[in-house]
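*Asks:* I have a structure here, written as structure tokens, and I will follow up with some questions on it.
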Amino acid sequence: MIKKIMLLFVLTGLIYSCEKELQDADAVIVKSIEVSGGTLLDNSNIEFDFRDKHYNATRNNGKFNYQRGFSDSLGEIKDVLNNKGFQRYINNTIFEVSEGKAQAYAGSVNSVHYFSVLPYGLNGAAVNKSYIGKVEIKSNGYHKIKVTFNQEGGGEDFDDVFIYWINTETFKADYLAYSYEENHGLGLRFREAYNERFIEGIRFVDYNNYKPIESQAKLEDLDSLFENDALELLSKIELEHVVVVL
């Protein structure tokens, strides 16, 4: 009888611990979204330049219209992704593309807009969050949170796995990492935020984009590898000429 009672206490403790862990992860992400602009993004128009392309995102209480514009040998290209799907225009005329290309173009457009306003969107119904623990990076404390996505509603790359490092004092997302499928296996990236600025109350950052030097690295270890100079700088992710209309 005593053993059964002890087992019950242990199981109850484990259930409570798991529930508290989930609540902590959700609470941290909600707070991080709040300090980074929060509901301001729900009804907004954001424009910026990234590399050689111009991007525009209109959000209206769940409805969205993401655009990407650039010039090439065919003329003026405009890619449009919204709640109805994807469409490409060339010189303002609809241009039919194959289903495979449409998915690739849509994924590319969505990815840039997604990263531009993080952590906004991480409280969506298809997002799963788990609290890994508290860690230190460059003498600052961070909540380390793992994020995965359901297949339904999680987008084309729903099987990508993310980790966010949320500052324990400011609740800002200073670092993130993710794994993704690539031709020869699993790819890993680690991003370090810099050049923080608030425009109309919305936080924008640029990123140093790293990959591990060792091919056998694990996603969960990228913060330690960063601290030990075991990551290679690949590129810089810089948003230019950001304009926000609320």
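Ordered as shown in the structure tokens, chains take letters A, B, and onward, while each chain numbers its residues from 1 and ligands are numbered from 1 in the order shown.
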Would you kindly return, as an mmCIF file with C-alpha atoms, in the first residue's frame, each protein, DNA or RNA residue with an atom no farther than 10 Å from any atom of Val243 (chain A), considering only C-alpha atoms and excluding same-chain residues fewer than 5 positions away?

*Replies:*
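Contents of the output file result.cif:
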```
data_model
loop_
_atom_site.group_PDB
_atom_site.id
_atom_site.type_symbol
_atom_site.label_atom_id
_atom_site.label_comp_id
_atom_site.auth_asym_id
_atom_site.auth_seq_id
_atom_site.Cartn_x
_atom_site.Cartn_y
_atom_site.Cartn_z
ATOM 1 C CA ASN A 45 1.972 46.700 -43.265
ATOM 2 C CA ILE A 46 5.725 46.102 -43.265
ATOM 3 C CA GLU A 47 8.129 46.710 -46.136
ATOM 4 C CA PHE A 48 11.852 46.057 -46.338
ATOM 5 C CA ASP A 49 14.672 45.169 -48.704
ATOM 6 C CA ASN A 56 5.947 43.617 -48.351
ATOM 7 C CA ILE A 199 10.085 50.867 -35.614
ATOM 8 C CA GLU A 200 6.553 51.909 -34.675
#
```

*Asks:* Could you please write out, as number ranges by chain, every residue of region 21-239 of chain A that DSSP assigns to helix (DSSP H, G or I)?

*Replies:* A: 21-35, 38-42, 99-116, 219-227

*Asks:* Just the residues within 9 Å of Gly75 (chain A), please, counting only C-alpha atoms, with nothing from its chain fewer than 4 positions along; format it as a count of residues only.

*Replies:* 4

*Asks:* What residues in chain A get the DSSP label strand (DSSP E)? Please answer as a PyMOL selection string.

*Replies:* chain A and resi 43-50+53-60+63-72+75-82+85-90+93-95+127-137+140-149+161-167+173-182+185-199+202-212+231-237+239-245

*Asks:* Could you tell me which of A:Gln67, A:Asn128, A:Gln216, A:Thr168 comes closest to His113 (chain A) if we count only C-alpha atoms?

*Replies:*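 Checking each candidate against His113 (chain A), we get A:Gln67 as the closest.
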